[in-house]
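A.B. asks: Contents of data-v1.json (JSON, C-alpha atoms and all ligand atoms) are given next:
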```
[["chain", "number", "residue", "atom", "x", "y", "z"],
["A", 1, "MET", "CA", -52.13, -92.02, -74.42],
["A", 2, "LEU", "CA", -52.50, -94.65, -71.72],
["A", 3, "THR", "CA", -49.49, -95.52, -69.63],
["A", 4, "LEU", "CA", -50.03, -99.09, -68.45],
["A", 5, "ALA", "CA", -46.96, -101.28, -67.89],
["A", 6, "ALA", "CA", -48.73, -104.54, -68.76],
["A", 7, "ALA", "CA", -51.82, -105.53, -70.71],
["A", 8, "THR", "CA", -54.62, -107.49, -69.04],
["A", 9, "ARG", "CA", -53.73, -111.14, -68.57],
["A", 10, "GLU", "CA", -55.17, -113.73, -70.87],
["A", 11, "GLY", "CA", -58.21, -115.33, -69.34],
["A", 12, "TRP", "CA", -59.60, -112.31, -67.50],
["A", 13, "VAL", "CA", -62.20, -111.55, -70.17],
["A", 14, "ALA", "CA", -63.59, -115.10, -70.09],
["A", 15, "GLU", "CA", -63.74, -114.99, -66.28],
["A", 16, "ALA", "CA", -65.45, -111.60, -66.37],
["A", 17, "LEU", "CA", -68.05, -112.82, -68.87],
["A", 18, "ALA", "CA", -68.72, -115.88, -66.71],
["A", 19, "SER", "CA", -69.36, -113.59, -63.69],
["A", 20, "LEU", "CA", -70.80, -110.63, -65.55],
["A", 21, "ASP", "CA", -73.41, -109.75, -62.89],
["A", 22, "ASP", "CA", -70.69, -109.54, -60.23],
["A", 23, "VAL", "CA", -68.46, -107.48, -62.53],
["A", 24, "LEU", "CA", -71.31, -105.05, -63.21],
["A", 25, "ILE", "CA", -72.00, -104.63, -59.49],
["A", 26, "ASP", "CA", -68.27, -104.02, -58.99],
["A", 27, "HIS", "CA", -68.36, -101.55, -61.86],
["A", 28, "ALA", "CA", -71.03, -99.50, -60.07],
["A", 29, "HIS", "CA", -68.91, -99.53, -56.89],
["A", 30, "CYS", "CA", -65.86, -98.45, -58.92],
["A", 31, "GLU", "CA", -67.67, -95.44, -60.39],
["A", 32, "LYS", "CA", -68.73, -94.40, -56.89],
["A", 33, "LYS", "CA", -65.18, -94.89, -55.61],
["A", 34, "ALA", "CA", -63.80, -92.81, -58.49],
["A", 35, "ALA", "CA", -66.12, -89.95, -57.47],
["A", 36, "GLY", "CA", -65.12, -90.41, -53.83],
["A", 37, "GLY", "CA", -61.42, -90.39, -54.70],
["A", 38, "ALA", "CA", -61.74, -87.08, -56.53],
["A", 39, "LEU", "CA", -63.76, -85.56, -53.66],
["A", 40, "LYS", "CA", -61.21, -86.78, -51.13],
["A", 41, "LEU", "CA", -58.50, -84.86, -53.01],
["A", 42, "LEU", "CA", -60.68, -81.73, -52.92],
["A", 43, "PHE", "CA", -61.06, -82.03, -49.16],
["A", 44, "SER", "CA", -57.36, -82.81, -48.59],
["A", 45, "TYR", "CA", -55.95, -80.06, -50.81],
["A", 46, "PRO", "CA", -58.13, -76.91, -50.68],
["A", 47, "GLN", "CA", -54.91, -74.85, -50.95],
["A", 48, "HIS", "CA", -54.30, -76.03, -54.53],
["A", 49, "GLY", "CA", -56.60, -73.88, -56.65],
["A", 50, "PHE", "CA", -55.69, -75.75, -59.84],
["A", 51, "LEU", "CA", -57.27, -78.97, -58.54],
["A", 52, "GLN", "CA", -60.64, -77.60, -57.52],
["A", 53, "ALA", "CA", -62.77, -77.11, -60.66],
["A", 54, "PRO", "CA", -61.31, -80.04, -62.69],
["A", 55, "LEU", "CA", -61.76, -82.54, -59.84],
["A", 56, "SER", "CA", -65.21, -81.23, -58.95],
["A", 57, "ARG", "CA", -66.27, -81.76, -62.58],
["A", 58, "LEU", "CA", -64.62, -85.19, -62.67],
["A", 59, "ALA", "CA", -66.41, -86.25, -59.46],
["A", 60, "ARG", "CA", -69.75, -85.20, -60.96],
["A", 61, "GLU", "CA", -69.04, -87.21, -64.10],
["A", 62, "GLU", "CA", -68.17, -90.28, -62.03],
["A", 63, "LEU", "CA", -71.40, -89.93, -60.06],
["A", 64, "ALA", "CA", -73.29, -89.70, -63.35],
["A", 65, "HIS", "CA", -71.53, -92.92, -64.41],
["A", 66, "PHE", "CA", -72.52, -94.49, -61.09],
["A", 67, "GLU", "CA", -76.17, -93.62, -61.72],
["A", 68, "GLU", "CA", -75.87, -94.92, -65.29],
["A", 69, "VAL", "CA", -74.47, -98.29, -64.17],
["A", 70, "LEU", "CA", -77.17, -98.52, -61.48],
["A", 71, "ARG", "CA", -79.72, -98.19, -64.30],
["A", 72, "TRP", "CA", -77.99, -101.00, -66.25],
["A", 73, "LEU", "CA", -78.23, -103.20, -63.16],
["A", 74, "GLN", "CA", -81.89, -102.39, -62.70],
["A", 75, "GLN", "CA", -82.64, -103.12, -66.35],
["A", 76, "ARG", "CA", -80.89, -106.48, -66.07],
["A", 77, "GLY", "CA", -82.68, -107.36, -62.83],
["A", 78, "ILE", "CA", -79.46, -107.33, -60.79],
["A", 79, "SER", "CA", -79.68, -105.90, -57.29],
["A", 80, "PHE", "CA", -76.91, -103.56, -56.18],
["A", 81, "GLY", "CA", -75.45, -104.11, -52.74],
["A", 82, "ARG", "CA", -72.36, -104.67, -50.67],
["A", 83, "GLN", "CA", -69.66, -106.74, -52.34],
["A", 84, "ARG", "CA", -66.19, -107.84, -51.30],
["A", 85, "PRO", "CA", -63.93, -105.27, -53.00],
["A", 86, "SER", "CA", -60.73, -106.20, -54.80],
["A", 87, "ALA", "CA", -57.45, -105.48, -52.97],
["A", 88, "TYR", "CA", -56.16, -103.54, -55.99],
["A", 89, "GLY", "CA", -56.82, -99.99, -54.71],
["A", 90, "GLY", "CA", -55.29, -100.71, -51.32],
["A", 91, "ARG", "CA", -52.23, -102.29, -52.91],
["A", 92, "LEU", "CA", -51.72, -99.24, -55.11],
["A", 93, "HIS", "CA", -52.17, -96.73, -52.30],
["A", 94, "ALA", "CA", -49.50, -98.54, -50.25],
["A", 95, "HIS", "CA", -46.96, -96.94, -52.63],
["A", 96, "VAL", "CA", -47.97, -93.35, -51.87],
["A", 97, "ARG", "CA", -45.00, -91.48, -50.39],
["A", 98, "PRO", "CA", -45.77, -89.64, -47.11],
["A", 99, "ARG", "CA", -44.23, -86.19, -47.79],
["A", 100, "GLU", "CA", -45.55, -83.41, -50.00],
["A", 101, "PRO", "CA", -45.53, -82.76, -52.87],
["A", 102, "GLN", "CA", -44.67, -86.42, -53.55],
["A", 103, "ARG", "CA", -47.83, -87.58, -51.79],
["A", 104, "LEU", "CA", -50.15, -85.55, -54.00],
["A", 105, "LEU", "CA", -48.20, -86.47, -57.12],
["A", 106, "ASP", "CA", -48.48, -90.17, -56.27],
["A", 107, "LEU", "CA", -52.21, -89.90, -55.58],
["A", 108, "LEU", "CA", -52.81, -88.12, -58.90],
["A", 109, "LEU", "CA", -50.74, -90.66, -60.85],
["A", 110, "ILE", "CA", -52.41, -93.61, -59.12],
["A", 111, "HIS", "CA", -55.82, -92.18, -60.03],
["A", 112, "ALA", "CA", -54.53, -91.75, -63.60],
["A", 113, "LEU", "CA", -53.44, -95.40, -63.74],
["A", 114, "ILE", "CA", -56.75, -96.66, -62.35],
["A", 115, "GLU", "CA", -58.56, -94.65, -65.03],
["A", 116, "ALA", "CA", -56.25, -96.12, -67.68],
["A", 117, "ARG", "CA", -56.91, -99.67, -66.49],
["A", 118, "SER", "CA", -60.68, -99.07, -66.41],
["A", 119, "CYS", "CA", -60.42, -97.77, -69.94],
["A", 120, "GLU", "CA", -58.52, -100.86, -71.11],
["A", 121, "ARG", "CA", -60.98, -103.21, -69.37],
["A", 122, "PHE", "CA", -64.06, -101.44, -70.79],
["A", 123, "GLY", "CA", -62.54, -101.87, -74.26],
["A", 124, "LEU", "CA", -61.98, -105.59, -73.67],
["A", 125, "LEU", "CA", -65.52, -106.04, -72.34],
["A", 126, "ALA", "CA", -67.02, -104.02, -75.21],
["A", 127, "ASP", "CA", -65.33, -106.33, -77.71],
["A", 128, "ALA", "CA", -66.35, -109.51, -75.88],
["A", 129, "VAL", "CA", -69.87, -109.12, -74.50],
["A", 130, "PRO", "CA", -72.45, -110.71, -76.77],
["A", 131, "ASP", "CA", -75.04, -108.06, -75.82],
["A", 132, "GLU", "CA", -74.60, -105.20, -78.32],
["A", 133, "THR", "CA", -76.39, -102.70, -76.08],
["A", 134, "LEU", "CA", -74.03, -103.42, -73.21],
["A", 135, "ALA", "CA", -71.03, -103.31, -75.54],
["A", 136, "GLY", "CA", -72.09, -99.84, -76.70],
["A", 137, "ARG", "CA", -72.46, -98.72, -73.10],
["A", 138, "PHE", "CA", -68.92, -99.81, -72.25],
["A", 139, "ARG", "CA", -67.63, -97.97, -75.31],
["A", 140, "GLY", "CA", -69.51, -94.87, -74.20],
["A", 141, "LEU", "CA", -67.76, -94.84, -70.81],
["A", 142, "LEU", "CA", -64.34, -95.66, -72.24],
["A", 143, "ALA", "CA", -63.87, -92.20, -73.78],
["A", 144, "ALA", "CA", -64.73, -90.47, -70.50],
["A", 145, "GLU", "CA", -62.28, -92.59, -68.48],
["A", 146, "ALA", "CA", -59.52, -91.89, -71.05],
["A", 147, "ARG", "CA", -60.20, -88.18, -70.60],
["A", 148, "HIS", "CA", -60.06, -88.57, -66.80],
["A", 149, "HIS", "CA", -56.68, -90.26, -67.19],
["A", 150, "SER", "CA", -55.44, -87.15, -69.03],
["A", 151, "VAL", "CA", -56.95, -84.81, -66.43],
["A", 152, "TYR", "CA", -55.01, -86.53, -63.62],
["A", 153, "ILE", "CA", -51.75, -86.54, -65.60],
["A", 154, "GLY", "CA", -52.27, -82.85, -66.44],
["A", 155, "LEU", "CA", -52.76, -82.01, -62.75],
["A", 156, "GLY", "CA", -49.57, -83.92, -61.90],
["A", 157, "ARG", "CA", -47.72, -81.71, -64.42],
["A", 158, "ARG", "CA", -48.57, -78.71, -62.24],
["A", 159, "LEU", "CA", -46.47, -80.20, -59.43],
["A", 160, "VAL", "CA", -43.22, -81.46, -60.96],
["A", 161, "PRO", "CA", -41.23, -81.15, -64.21],
["A", 162, "GLU", "CA", -42.12, -83.55, -67.03],
["A", 163, "GLU", "CA", -39.08, -85.78, -66.56],
["A", 164, "ALA", "CA", -39.82, -86.34, -62.87],
["A", 165, "LEU", "CA", -43.48, -87.02, -63.66],
["A", 166, "GLN", "CA", -42.65, -89.60, -66.33],
["A", 167, "GLU", "CA", -40.14, -91.31, -64.06],
["A", 168, "ARG", "CA", -42.65, -91.68, -61.23],
["A", 169, "LEU", "CA", -45.45, -92.66, -63.62],
["A", 170, "THR", "CA", -43.32, -95.47, -65.05],
["A", 171, "ALA", "CA", -42.48, -96.75, -61.55],
["A", 172, "LEU", "CA", -46.11, -96.63, -60.40],
["A", 173, "ALA", "CA", -47.29, -98.29, -63.61],
["A", 174, "GLU", "CA", -45.06, -101.25, -62.70],
["A", 175, "ARG", "CA", -46.63, -101.36, -59.24],
["A", 176, "GLU", "CA", -50.09, -101.19, -60.84],
["A", 177, "ALA", "CA", -49.32, -104.20, -63.02],
["A", 178, "GLU", "CA", -48.10, -106.09, -59.93],
["A", 179, "ALA", "CA", -51.22, -105.15, -57.95],
["A", 180, "LEU", "CA", -53.35, -106.51, -60.76],
["A", 181, "ALA", "CA", -51.33, -109.72, -61.12],
["A", 182, "ALA", "CA", -51.60, -110.67, -57.42],
["A", 183, "PRO", "CA", -54.00, -113.56, -56.75],
["A", 184, "ALA", "CA", -57.60, -112.47, -56.13],
["A", 185, "PRO", "CA", -60.52, -114.47, -54.73],
["A", 186, "ASP", "CA", -63.16, -112.82, -56.96],
["A", 187, "VAL", "CA", -63.42, -111.57, -60.52],
["A", 188, "ARG", "CA", -63.51, -107.80, -60.47],
["A", 189, "LEU", "CA", -63.03, -104.92, -62.88],
["A", 190, "HIS", "CA", -59.57, -104.59, -61.34],
["A", 191, "SER", "CA", -58.56, -108.19, -60.57],
["B", 1, "FE", "FE", -66.31, -93.35, -64.62],
["B", 2, "FE", "FE", -63.11, -91.99, -64.58]]
```
Would you encode the structure as structure tokens?
C.D. replies:
Amino acid sequence: MLTLAAATREGWVAEALASLDDVLIDHAHCEKKAAGGALKLLFSYPQHGFLQAPLSRLAREELAHFEEVLRWLQQRGISFGRQRPSAYGGRLHAHVRPREPQRLLDLLLIHALIEARSCERFGLLADAVPDETLAGRFRGLLAAEARHHSVYIGLGRRLVPEEALQERLTALAEREAEALAAPAPDVRLHS
């Protein structure tokens, strides 16, 4: 079950289709960032045994997604390279509380929300892209990102009781919707 506070605004899909090459390049960057985010948690929290194997597996899956999206780019004749990132991730991470275990809980829930948003966006793109092959590819990734969402929520449950988790998740979901609604100069997977 995804936990987003607001659905994607009207108009994003049309903008994404009009800048599909840019969105696909961003998508590749996002998969790489998702792997990096999981690895960063492994490096920051070696003392938490319960994080290690699930996040290692998740990071490998994200790197496999990265390689997959690189192949899509290659097949479409799009070159991968540096791109101005959206401010979304930075805006979300500004809400991470400094003390433990709140810090780790916030990081896990923010990762969960990013996965949920990716999942929602892949679904929108799958329904809208005229290219059936690409639509199928988005649908293929959607299930994995939904599972990643659940992995992060499950890890959060190891830290605090359910009620506290739900309360923080609801608050951060509101911040996520705000981060997404803020004006952005470019169309991105999270803009
Ligand atoms: Fe992914
Ligand atoms: Fe993911």
A.B. asks: For the interface of range 61-136 of chain A with range 41-54 of chain A (cut-off 10 Å, counting only C-alpha atoms), please tabulate each contacting residue of range 61-136 of chain A alongside its nearest pair of atoms and their separation in Å to one decimal, rows sorted by chain and increasing number, as a tab-separated table.
C.D. replies:
```
residue	atom	partner	partner_atom	distance
A:Leu104	CA	A:Leu41	CA	8.4
A:Leu107	CA	A:Leu41	CA	8.5
A:Leu108	CA	A:Leu41	CA	8.8
```
A.B. asks: Ranking A:Val129, A:Leu141, A:Ala6, A:Leu113 by minimum distance to ligand FE 1 (chain B) and counting all atoms listed in the file, which one comes first?
C.D. replies: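 Closest to ligand FE 1 (chain B) of all the choices is A:Leu141.
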A.B. asks: Quick one: everything within 6 Å of range 150-154 of chain A, counting only C-alpha atoms, minus sequence neighbours fewer than 2 positions away in the same chain. Send it as a PDB file with C-alpha atoms, in the frame of the given file.
C.D. replies:
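Saved the output as part.pdb:
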```pdb
ATOM      1  CA  LEU A 108     -52.810 -88.120 -58.900  1.00  0.00           C
ATOM      2  CA  ALA A 112     -54.530 -91.750 -63.600  1.00  0.00           C
ATOM      3  CA  ARG A 147     -60.200 -88.180 -70.600  1.00  0.00           C
ATOM      4  CA  HIS A 148     -60.060 -88.570 -66.800  1.00  0.00           C
ATOM      5  CA  GLY A 156     -49.570 -83.920 -61.900  1.00  0.00           C
ATOM      6  CA  ARG A 157     -47.720 -81.710 -64.420  1.00  0.00           C
TER       7      ARG A 157
END
```
A.B. asks: Please, which residues in chain A fall within 7 Å of ligand FE 1 (chain B) when counting only C-alpha atoms and all ligand atoms, and what is the closest atom pair and distance in Å to one decimal for each, ordered by chain then residue number, as JSON lines?
C.D. replies:
```
{"residue": "A:Glu31", "atom": "CA", "partner": "B:FE1", "partner_atom": "FE", "distance": 4.9}
{"residue": "A:Ala34", "atom": "CA", "partner": "B:FE1", "partner_atom": "FE", "distance": 6.6}
{"residue": "A:Glu61", "atom": "CA", "partner": "B:FE1", "partner_atom": "FE", "distance": 6.7}
{"residue": "A:Glu62", "atom": "CA", "partner": "B:FE1", "partner_atom": "FE", "distance": 4.4}
{"residue": "A:His65", "atom": "CA", "partner": "B:FE1", "partner_atom": "FE", "distance": 5.2}
{"residue": "A:Leu141", "atom": "CA", "partner": "B:FE1", "partner_atom": "FE", "distance": 6.5}
{"residue": "A:Ala144", "atom": "CA", "partner": "B:FE1", "partner_atom": "FE", "distance": 6.7}
{"residue": "A:Glu145", "atom": "CA", "partner": "B:FE1", "partner_atom": "FE", "distance": 5.6}
```
A.B. asks: For the residues in the current selection, export C-alpha atoms as a JSON list (two decimals), keeping the file's coordinate frame.
C.D. replies:
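To be explicit, this is the file written out as again.json:
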```json
[["chain", "number", "residue", "atom", "x", "y", "z"],
["A", 31, "GLU", "CA", -67.67, -95.44, -60.39],
["A", 34, "ALA", "CA", -63.80, -92.81, -58.49],
["A", 61, "GLU", "CA", -69.04, -87.21, -64.10],
["A", 62, "GLU", "CA", -68.17, -90.28, -62.03],
["A", 65, "HIS", "CA", -71.53, -92.92, -64.41],
["A", 141, "LEU", "CA", -67.76, -94.84, -70.81],
["A", 144, "ALA", "CA", -64.73, -90.47, -70.50],
["A", 145, "GLU", "CA", -62.28, -92.59, -68.48]]
```
A.B. asks: Find, counting all atoms listed in the file, the residue in A:Lys32, A:Gln75, A:Ala7, A:Leu39 that gets nearest to Leu134 in chain A.
C.D. replies: A:Gln75
A.B. asks: One decimal, Å: what's the distance from CA of Glu132 in chain A over to CA of Ala181 in chain A, could you say?
C.D. replies: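 Atom-to-atom, CA of Glu132 in chain A and CA of Ala181 in chain A are spaced 29.3 Å apart.
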A.B. asks: Just want the 7 Å neighbourhood of Arg139 in chain A, counted on all atoms listed in the file, with same-chain residues fewer than 4 positions away dropped. Output as a list in words.
C.D. replies: Phe122, Gly123, Ala126 and Ala135 of chain A
A.B. asks: A:Leu4, A:Pro161, A:Glu15, A:Ile25: which is nearest Arg76 in chain A, counting all atoms listed in the file?
C.D. replies: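 Of the candidates, the smallest distance to Arg76 in chain A is held by A:Ile25.
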A.B. asks: When you count all atoms listed in the file, which of these residues is closest to Ala94 in chain A: A:Ala182, A:Cys119, A:Ala177, A:Leu172?
C.D. replies: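 So, comparing all the options, the nearest one is A:Leu172.
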A.B. asks: Using only C-alpha atoms, find the one residue out of A:Ala164, A:Thr170, A:His29, A:Ile110 that sits nearest to Gly90 in chain A.
C.D. replies: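 For Gly90 in chain A, the nearest of the candidates is A:Ile110.
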A.B. asks: May I ask for the distance between CA of His27 in chain A and CA of Leu73 in chain A, given in Å to one decimal place?
C.D. replies: 10.1 Å
A.B. asks: Using all atoms listed in the file, which of A:Leu125, A:Ala146, A:Leu105, A:Leu17 sits nearest ligand FE 2 (chain B)?
C.D. replies: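 Once distances to ligand FE 2 (chain B) are computed over all atoms listed in the file, the minimum belongs to A:Ala146.
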